[in-house]
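Visitor: Here you go, one structure.
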Amino acid sequence: MRGLALDLWKVLIDTVESCSMELTGKRIIVTGCASGMGAATVRAYASAGAHVVGMDISEAAGSEVCANAAGSGSVAFLPVDVSDHDLVQEAFSAAVGSMGGLDALAHPAAVHAGNLASDVTVADWDRLFAVNVRGTMLTNQTAHAYLKAAGGGSIINFGSISGQRAEPGAAAYSATKGAVHSWTRTAAGTWGADNIRVNAVLPAIRTPMFLAAKVGLSEEELNVKYWRNEQSIAMGQEYGDPDTDLGPVMVFLASDASHFITGQLIPVDGGQHNVR
């Protein structure tokens with residue numbers, strides 16, 4: 001009986017080790033790497049030992065983030081416009097060629113604009129949907145082919161509380177994030193057969209986009225924003241840090257430890273909102 005218990009314990013240890021949160025040797029593409037959550041994700045993956053190719057439309061900033069990412073992994077940069085089919089194909093082909101394959105895609109790339117439902121312009125609507133929705137489809141589809149060839153892997157999209165609730169001041173952005181949520185569930189249901197999991201994080205994280213949304217607001221407007229967004233965050237009534245609060249979650253979702261999680265909208269928001 002003691003021998004059986006020891007054998008079972010060894011099996012448990014082996015299982016835990018095989019589902020490690022380490023990313024040593026993992027080959028990962030990160031979009032939107034030039035700042036904010038994308039930059040933090042690059043740093044987290046490099047620190048965890050992954051081979052990373054960061055991508056962004058902002059070449060100077062993206063190159064700097066990738067050059068400064070420290071860790072046992074390797075990091076390179078490639079420019080891309082995620083809304084452009086041909087450029088996504090070219091960038092992903094070059095990245096996969098340099099890394100020898102692909103194990104995960106983290107896709108934070110997105111744009112934001114404030115607008116009301118009654119006056120959102122066609123130009124704003126098309127620009128946000130091109131980057132946030134078409135960009136998600138293109139990067140996910142392109143990654144899918146490489147992940148399938150590698151035997152499976154992880155795609156991590158970026159949703160938002162804005163896609164879960166009414167957003168009077170950001171009508172088009174809210175619609176794009178709702179679309180990302182629906183796409184994530186559908187892609188997960190479709191690609192599970194290829195051993196590919198697809199999830200979306202819904203972050204409440206301090207980023208340049210978050211800070212820019214406060215520029216020029218009056219004290220009254222800032223107060224309204226606080227009560228709408230930050231006051232409901234149970235963990236301190238403030239948005240989280242990209243590196244300490246988001247980075248470890250991104251490592252988990254790219255690692256083998258998350259191998260049985262797919263089709264989920266995962267808040268990383270300190271309790272700001274419940275996904276229902």
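Ligands are numbered from 1 in the order shown, chains are lettered A, B, ... in the order of the structure tokens, and residues start at 1 in each chain.
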Within segment 104-212 of chain A, find each residue whose DSSP state, derived from the backbone, is strand (DSSP E), and express the selection as a list of chain:residue names.
Guide: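 After running DSSP on the backbone, segment 104-212 of chain A has strand (DSSP E) at A:Ala104, A:Leu105, A:Ala106, A:His107, A:Gly153, A:Ser154, A:Ile155, A:Ile156, A:Asn157, A:Phe158, A:Ile196, A:Arg197, A:Val198, A:Asn199, A:Ala200, A:Val201, A:Leu202, A:Pro203.
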Visitor: Please identify all polymer residues within 7 Å of Thr41 of chain A, counting only C-alpha atoms, omitting same-chain residues fewer than 4 positions from it, and present them as a PyMOL selection string.
Guide: chain A and resi 37+45+247+250
Visitor: I want to know what sits within 12 Å of Ala179 of chain A, based on only C-alpha atoms, with residues of the same chain fewer than 2 positions away left out; could you give that as a PyMOL selection string?
Guide: chain A and resi 128-130+132-137+157-160+162-164+172-177+181-187+200
Visitor: For C-alpha atoms, I'd like the residues from the last selection saved as a JSON list (two decimals), in the first residue's frame.
Guide:
```
[["chain", "number", "residue", "atom", "x", "y", "z"],
["A", 128, "LEU", "CA", -11.70, 50.80, -34.53],
["A", 129, "PHE", "CA", -13.24, 47.73, -36.12],
["A", 130, "ALA", "CA", -10.31, 47.39, -38.55],
["A", 132, "ASN", "CA", -9.65, 45.72, -32.86],
["A", 133, "VAL", "CA", -11.86, 43.19, -34.64],
["A", 134, "ARG", "CA", -10.35, 42.51, -38.07],
["A", 135, "GLY", "CA", -6.92, 42.57, -36.41],
["A", 136, "THR", "CA", -8.05, 39.91, -33.93],
["A", 137, "MET", "CA", -9.44, 37.73, -36.72],
["A", 157, "ASN", "CA", -6.93, 37.90, -26.93],
["A", 158, "PHE", "CA", -7.73, 41.11, -25.10],
["A", 159, "GLY", "CA", -11.32, 41.91, -24.27],
["A", 160, "SER", "CA", -12.62, 44.57, -21.92],
["A", 162, "SER", "CA", -16.36, 47.82, -22.18],
["A", 163, "GLY", "CA", -17.60, 44.81, -24.14],
["A", 164, "GLN", "CA", -19.71, 43.66, -21.16],
["A", 172, "ALA", "CA", -17.57, 52.03, -31.08],
["A", 173, "TYR", "CA", -14.83, 50.73, -28.79],
["A", 174, "SER", "CA", -17.43, 48.91, -26.69],
["A", 175, "ALA", "CA", -18.85, 47.28, -29.81],
["A", 176, "THR", "CA", -15.41, 46.09, -30.91],
["A", 177, "LYS", "CA", -14.69, 44.45, -27.58],
["A", 181, "HIS", "CA", -15.49, 38.28, -26.82],
["A", 182, "SER", "CA", -17.82, 36.49, -29.25],
["A", 183, "TRP", "CA", -14.96, 35.68, -31.62],
["A", 184, "THR", "CA", -12.88, 34.25, -28.78],
["A", 185, "ARG", "CA", -15.63, 31.86, -27.71],
["A", 186, "THR", "CA", -16.28, 30.75, -31.29],
["A", 187, "ALA", "CA", -12.62, 30.29, -32.18],
["A", 200, "ALA", "CA", -9.45, 36.55, -23.61]]
```
Visitor: Looking only at the backbone, which of the residues in segment 106-225 of chain A does DSSP tag as alpha helix (DSSP H), as a ChimeraX atom specification?
Guide: /A:122-128,135-149,171-191,208-212,219-225
Visitor: Could you give me, as a PyMOL selection string, the residues within 7 Å of Leu265 of chain A, counting only C-alpha atoms and dropping anything in the same chain fewer than 6 positions from it?
Guide: chain A and resi 199-202
Visitor: Write the residues of the selection above to a file with C-alpha atoms, as a short mmCIF file (atom, residue, chain, number, x, y, z; two decimals), in the first residue's frame.
Guide:
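again37.cif was written with the following content:
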```cif
data_model
loop_
_atom_site.label_atom_id
_atom_site.label_comp_id
_atom_site.auth_asym_id
_atom_site.auth_seq_id
_atom_site.Cartn_x
_atom_site.Cartn_y
_atom_site.Cartn_z
CA ASN A 199 -9.09 32.83 -24.19
CA ALA A 200 -9.45 36.55 -23.61
CA VAL A 201 -8.28 38.57 -20.63
CA LEU A 202 -10.39 41.55 -19.56
#
```
Visitor: Please report the interatomic distance between atom CA of Tyr239 of chain A and atom CA of Ile205 of chain A in Å with one decimal.
Guide: 4.9 Å
Visitor: Point out the residue among A:Ser118, A:Asn68, A:Ser35, A:Thr24 with the least atom-to-atom distance to Thr207 of chain A, counting only C-alpha atoms.
Guide: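 Selected residue with least distance to Thr207 of chain A: A:Ser35.
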